[in-house]
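Below you'll find the structure, written out as structure tokens, and then a few comments.
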Amino acid sequence: MSVVIVRKALYDYPILRPLFFEIMDSIAAGSLIKKNSRVIIKPNLLAPASPEKAIVTHPLIIKAAVEYVNQKDAIPVVSDSPAVGSFEKILKESGIREALKGLRVEYREFKESEIVPVGEPFKKIELASDAVNADVLINLPKLKTHTQMLLTLAVKNLFGCIVGLRKPEWHLRAGVDREMFARLLVKVYQAIQPTINIIDGILAMHGQGPGKRGEPKELRVLMGSRDAAALDSAVCRMLNIEPCKLLTNKIALEQGLVNEAIHIDGTLPEVGDFKLPEIIPLVFGPHILHGFMRRHLVQRPECTNSLCKFCGECWEYCPAGAITHHKKKIYFNYDKCMRCYCCIEVCPHGALSAHETVTGKIARKILKR
Ligand code: SF4
Ligand code: SF4
């Protein structure tokens with residue numbers, strides 16, 4: 001049976017540090033971290049953002065992880081491959097550099113990849129060598145909503161182990177099929193096998209996450225487990241979401257990668273007003289109609305021009321090459337756009353959002369009736 005530890009917590013370091021250590025000890029992290037071993041600490045470093053925006057894992061949680069590893073005389077290495085902005089910029093703007101000042105720690109952006117065989121349907125995936133070869137990997141996700149996948153938790157956080165522009169390539173290969181994308185995420189999870197997972201739910205994000213469109217939401221909870229999928233299930237339970245609604249959970253369950261029986265050590269807080277993003281099935285019915293549905297019925301990304309700073313992050317990231325720009329305006333080619341919503345996720349200025357088409361609204365009303 002998987003065990004998930006749940007503790008009430010605040011970003012107050014004298015309180016947070018012993019709590020973090022207690023969670024680590026309760027899941028036997030101490031015996032897993034050997035002297036002189038290389039320990040990769042993998043937070044969610046989506047984009048440059050201050051801690052109160054709830055976009056990245058809070059620096060004090062990363063600090064506690066670094067101190068725990070140092071206490072074991074091992075080598076802590078903070079790593080990720082951010083979707084937006086430089087690794088260094090994120091370390092600075094999120095306050096990580098400042099919080100970790102004076103501690104023995106390495107920072108290493110994931111850069112080199114290696115091919116890992118993962119079986120059907122993807123066969124092989126290129127993953128960050130540092131993550132694949134780490135003696136121990138401490139996964140530190142942020143609890144956030146996700147407009148494409150509902151939530152981004154422990155399993156989804158490992159998508160950051162796909163290096164740089166390989167990420168949008170994989171979005172393109174998985175296409176608009178959310179279930180296929182969830183299968184990819186579960187394959188990455190199986191390949192990386194994080195040793196320890198501690199989720200930062202102290203200041204979580206709800207609404208149109210995981211980027212600037214989401215809203216911070218205080219939950220005051222820190223949860224840890226050796227089992228990333230069990231941890232995700234426990235978060236769903238806390239948010240009153242049927243665990244299989246999170247597709248990575250559903251697939252992990254189907255593949256026998258997670259035990260339905262989870263022991264919760266602690267009390268899951270009651271969360272009544274957590275806003276989920278509206279997840280509309282992208283396409284349904286006969287395959288021949290999918291192209292039409294995607295173009296005319298599915299929510300499409302749109303730009304609020306007054307918020308756009310013309311930084312280029314969206315068109316550089318778009319896996320389908322569906323965004324162009326001309327005279328300080330951006331344009332979408334909705335025939336090419338596969339509705340992955342990555343552009344919304346990576347826009348550092350919250351200028352992009354998903355909007356329903358008129359035909360989509362009408363079709364949905366008819367279907368509801
Ligand atoms: S929409 Fe966002 S990401 Fe794209 S250019 Fe404008 S500000 Fe940058
Ligand atoms: S325009 Fe946005 S939603 Fe469409 S394919 Fe590109 S990144 Fe994905």
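Residues in the structure tokens are numbered from 1 in each chain, the chains being A, B, ... in the order shown, and ligands are numbered from 1 in the order shown.
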
(message) Report as JSON, numbers by chain all protein, DNA and RNA residues lying within 9 Å of stretch 80-83 of chain A, evaluated on only C-alpha atoms, omitting residues in the same chain fewer than 4 positions from it.
(response) {"A": [41, 42, 43, 44, 45, 46, 47, 87, 90, 108, 109, 110, 111, 128, 160, 161, 162, 163, 164, 165, 167, 317, 345, 346]}

A:Lys245 environment, 12 Å, only C-alpha atoms, sequence neighbours closer than 2 positions dropped, as a PDB file with N, CA and C atoms, in the first residue's frame:
ATOM      1  N   MET A 149      -4.689  19.489 -19.101  1.00  0.00           N
ATOM      2  CA  MET A 149      -4.686  18.194 -18.405  1.00  0.00           C
ATOM      3  C   MET A 149      -5.431  18.221 -17.065  1.00  0.00           C
ATOM      4  N   LEU A 150      -6.147  19.286 -16.779  1.00  0.00           N
ATOM      5  CA  LEU A 150      -6.911  19.475 -15.538  1.00  0.00           C
ATOM      6  C   LEU A 150      -6.045  19.953 -14.379  1.00  0.00           C
ATOM      7  N   LEU A 151      -5.023  19.137 -14.040  1.00  0.00           N
ATOM      8  CA  LEU A 151      -4.123  19.522 -12.950  1.00  0.00           C
ATOM      9  C   LEU A 151      -2.697  19.200 -13.363  1.00  0.00           C
ATOM     10  N   ARG A 178      -5.815  14.102 -25.562  1.00  0.00           N
ATOM     11  CA  ARG A 178      -5.357  14.275 -24.177  1.00  0.00           C
ATOM     12  C   ARG A 178      -4.918  12.954 -23.566  1.00  0.00           C
ATOM     13  N   GLU A 179      -5.639  11.905 -23.917  1.00  0.00           N
ATOM     14  CA  GLU A 179      -5.312  10.605 -23.330  1.00  0.00           C
ATOM     15  C   GLU A 179      -3.929  10.146 -23.819  1.00  0.00           C
ATOM     16  N   ALA A 182      -1.427  12.020 -21.899  1.00  0.00           N
ATOM     17  CA  ALA A 182      -1.323  11.460 -20.543  1.00  0.00           C
ATOM     18  C   ALA A 182      -0.497  10.172 -20.571  1.00  0.00           C
ATOM     19  N   ASP A 232      -0.661  12.018  -6.426  1.00  0.00           N
ATOM     20  CA  ASP A 232      -1.626  12.716  -7.291  1.00  0.00           C
ATOM     21  C   ASP A 232      -3.065  12.295  -6.950  1.00  0.00           C
ATOM     22  N   SER A 233      -3.249  11.006  -6.681  1.00  0.00           N
ATOM     23  CA  SER A 233      -4.594  10.521  -6.316  1.00  0.00           C
ATOM     24  C   SER A 233      -5.062  11.181  -5.020  1.00  0.00           C
ATOM     25  N   CYS A 236      -6.220  14.648  -5.658  1.00  0.00           N
ATOM     26  CA  CYS A 236      -7.560  14.633  -6.264  1.00  0.00           C
ATOM     27  C   CYS A 236      -8.618  14.445  -5.181  1.00  0.00           C
ATOM     28  N   ARG A 237      -8.347  13.510  -4.288  1.00  0.00           N
ATOM     29  CA  ARG A 237      -9.302  13.256  -3.204  1.00  0.00           C
ATOM     30  C   ARG A 237      -9.528  14.539  -2.392  1.00  0.00           C
ATOM     31  N   LEU A 239      -9.270  17.536  -3.389  1.00  0.00           N
ATOM     32  CA  LEU A 239      -9.981  18.556  -4.172  1.00  0.00           C
ATOM     33  C   LEU A 239     -11.363  18.070  -4.621  1.00  0.00           C
ATOM     34  N   ASN A 240     -11.778  16.924  -4.077  1.00  0.00           N
ATOM     35  CA  ASN A 240     -13.077  16.329  -4.434  1.00  0.00           C
ATOM     36  C   ASN A 240     -13.196  16.034  -5.918  1.00  0.00           C
ATOM     37  N   ILE A 241     -12.108  15.543  -6.483  1.00  0.00           N
ATOM     38  CA  ILE A 241     -12.110  15.161  -7.899  1.00  0.00           C
ATOM     39  C   ILE A 241     -11.972  13.635  -7.956  1.00  0.00           C
ATOM     40  N   GLU A 242     -12.810  13.015  -8.719  1.00  0.00           N
ATOM     41  CA  GLU A 242     -12.694  11.572  -8.930  1.00  0.00           C
ATOM     42  C   GLU A 242     -11.293  11.314  -9.511  1.00  0.00           C
ATOM     43  N   PRO A 243     -10.415  10.516  -8.816  1.00  0.00           N
ATOM     44  CA  PRO A 243      -9.019  10.377  -9.262  1.00  0.00           C
ATOM     45  C   PRO A 243      -8.854  10.043 -10.747  1.00  0.00           C
ATOM     46  N   LEU A 247      -6.215  12.209 -16.103  1.00  0.00           N
ATOM     47  CA  LEU A 247      -5.927  11.117 -17.032  1.00  0.00           C
ATOM     48  C   LEU A 247      -4.648  10.352 -16.713  1.00  0.00           C
ATOM     49  N   THR A 248      -3.666  11.038 -16.157  1.00  0.00           N
ATOM     50  CA  THR A 248      -2.436  10.314 -15.799  1.00  0.00           C
ATOM     51  C   THR A 248      -2.749   9.270 -14.719  1.00  0.00           C
ATOM     52  N   ASN A 249      -3.655   9.602 -13.816  1.00  0.00           N
ATOM     53  CA  ASN A 249      -4.068   8.644 -12.773  1.00  0.00           C
ATOM     54  C   ASN A 249      -4.775   7.461 -13.408  1.00  0.00           C
ATOM     55  N   LYS A 250      -5.688   7.787 -14.325  1.00  0.00           N
ATOM     56  CA  LYS A 250      -6.485   6.740 -14.969  1.00  0.00           C
ATOM     57  C   LYS A 250      -5.546   5.723 -15.657  1.00  0.00           C
ATOM     58  N   ILE A 251      -4.569   6.271 -16.372  1.00  0.00           N
ATOM     59  CA  ILE A 251      -3.662   5.386 -17.115  1.00  0.00           C
ATOM     60  C   ILE A 251      -2.741   4.627 -16.156  1.00  0.00           C
ATOM     61  N   LEU A 253      -3.446   3.708 -13.248  1.00  0.00           N
ATOM     62  CA  LEU A 253      -4.291   2.685 -12.620  1.00  0.00           C
ATOM     63  C   LEU A 253      -4.494   1.501 -13.573  1.00  0.00           C
ATOM     64  N   LEU A 276     -11.697  24.701 -10.970  1.00  0.00           N
ATOM     65  CA  LEU A 276     -11.007  23.895 -11.984  1.00  0.00           C
ATOM     66  C   LEU A 276     -11.150  24.572 -13.347  1.00  0.00           C
ATOM     67  N   ILE A 279     -12.587  21.870 -18.839  1.00  0.00           N
ATOM     68  CA  ILE A 279     -11.966  20.928 -19.781  1.00  0.00           C
ATOM     69  C   ILE A 279     -13.065  20.376 -20.677  1.00  0.00           C
TER      70      ILE A 279
END

(request) Considering only C-alpha atoms, return as a list in words whatever protein or nucleic-acid residues lie within 6 Å of A:Pro210, sequence-local ones (same chain, fewer than 3 positions apart) excluded. (result) Lys144, Thr145, His146 and Gly214 of chain A

Write out as a short mmCIF file (atom, residue, chain, number, x, y, z; two decimals) with C-alpha atoms, in the first residue's frame which residues come within 10 Å of A:Cys308 when counting only C-alpha atoms, dropping same-chain ones fewer than 2 positions away.
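To be explicit, this is the file written out as selection_26.cif:
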data_model
loop_
_atom_site.label_atom_id
_atom_site.label_comp_id
_atom_site.auth_asym_id
_atom_site.auth_seq_id
_atom_site.Cartn_x
_atom_site.Cartn_y
_atom_site.Cartn_z
CA CYS A 303 -4.78 37.14 -27.83
CA THR A 304 -5.73 40.21 -25.78
CA ASN A 305 -3.65 42.69 -27.73
CA SER A 306 -3.50 45.24 -24.92
CA PHE A 310 5.29 40.96 -28.36
CA CYS A 311 7.99 38.92 -26.62
CA GLY A 312 7.79 36.00 -29.06
CA LYS A 328 3.04 44.16 -33.62
CA LYS A 329 0.08 41.81 -33.86
CA ILE A 330 -0.02 38.07 -33.58
CA CYS A 347 2.83 33.44 -22.37
CA PRO A 348 4.64 35.36 -19.62
CA HIS A 349 2.15 38.25 -19.74
CA GLY A 350 -1.17 36.44 -19.50
CA ALA A 351 -2.18 37.77 -22.91
CA LEU A 352 -3.53 34.49 -24.28
#

(request) Tell me, as a list in words, which residues lie within 12 Å of A:Ser26, counting only C-alpha atoms; anything in the same chain fewer than 5 positions away does not count. (result)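 Selected residues are Val3, Val4, Ile5, Val6, Arg7, Pro18, Leu19, Phe20, Phe21, Ser31, Ile196, Ile198, Met223, Gly224, Ser225, Arg226, Asp265 and Gly266 of chain A.
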
(message) as a ChimeraX atom specification, please: every protein or nucleic acid residue near ligand 2 (cut-off 9 Å, counting only C-alpha atoms and all ligand atoms).
(response) /A:168,171-172,175-176,300-302,314-315,317-323,331-334,336-346,352,354

(message) If DSSP is run on the backbone, what residues of stretch 96-200 of chain A are strand (DSSP E)? A reply as JSON, numbers by chain would be ideal.
(response) {"A": [106, 107, 113, 114, 115, 116, 117, 118, 119, 123, 124, 125, 126, 127, 128, 136, 137, 138, 139, 140, 142, 143, 144, 145, 146, 150, 151, 152, 196, 197, 198, 199, 200]}

(message) Give me the residues near A:Ser50 as JSON, numbers by chain, where near means some atom within 9 Å (using only C-alpha atoms) and where sequence neighbours in that chain fewer than 5 positions away do not count.
(response) {"A": [55, 56, 58, 90, 93, 94, 95]}

Write the selection just made, keeping C-alpha atoms, as a tab-separated table (two decimals), in the first residue's frame?
chain	number	residue	atom	x	y	z
A	55	ILE	CA	3.68	29.47	-10.81
A	56	VAL	CA	6.90	27.87	-9.59
A	58	HIS	CA	8.37	28.00	-3.61
A	90	ILE	CA	13.97	31.84	-13.27
A	93	GLU	CA	13.19	36.06	-10.34
A	94	SER	CA	11.64	33.26	-8.34
A	95	GLY	CA	13.94	34.05	-5.40

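Our summary of the geometry notes that atom CA of A:Ile264 is positioned 21.9 Å from atom CA of A:Tyr189.
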
Counting only C-alpha atoms, which residues of stretch 112-156 of chain A fall within 6 Å of stretch 36-40 of chain A, and what is the closest atom pair for each with its distance in Å at one decimal, ordered by chain and rising number, as JSON lines?
{"residue": "A:Asp135", "atom": "CA", "partner": "A:Arg38", "partner_atom": "CA", "distance": 5.5}
{"residue": "A:Val136", "atom": "CA", "partner": "A:Val39", "partner_atom": "CA", "distance": 4.8}
{"residue": "A:Leu137", "atom": "CA", "partner": "A:Ile40", "partner_atom": "CA", "distance": 4.8}

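Atom 7 (S, counted along the ligand's line) of ligand 1 sits 12.5 Å away from atom CA of A:Gly85.
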
(message) With DSSP run on the backbone, what are the alpha helix (DSSP H) residues within stretch 107-343 of chain A? I'd like them as JSON, numbers by chain.
(response) {"A": [129, 130, 131, 132, 154, 155, 156, 157, 166, 167, 168, 169, 170, 171, 172, 173, 174, 178, 179, 180, 181, 182, 183, 184, 185, 186, 187, 188, 189, 190, 191, 192, 228, 229, 230, 231, 232, 233, 234, 235, 236, 237, 238, 247, 248, 249, 250, 251, 252, 253, 254, 290, 291, 292, 293, 294, 295, 296, 313, 314, 315, 316, 317, 342, 343]}

(request) Check the smallest atom-to-atom distance from each of A:Val186, A:Val221, A:Ile27, A:Met238 to A:Gln255 using only C-alpha atoms, then report the winner. (result)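 With only C-alpha atoms as the atom set, the closest residue is A:Val186.
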
(message) Please report the interatomic distance between atom CA of A:Asp130 and atom CA of A:Val69 in Å with one decimal.
(response)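 Rounded to one decimal, the two atoms are 16.8 Å apart.
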
(request) Have a look at A:Ile115, A:Gly211, A:Lys275, A:His263 and name the one nearest to ligand 1; count only C-alpha atoms and all ligand atoms. (result)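 Between A:Ile115, A:Gly211, A:Lys275, A:His263, the residue approaching ligand 1 most closely is A:Gly211.
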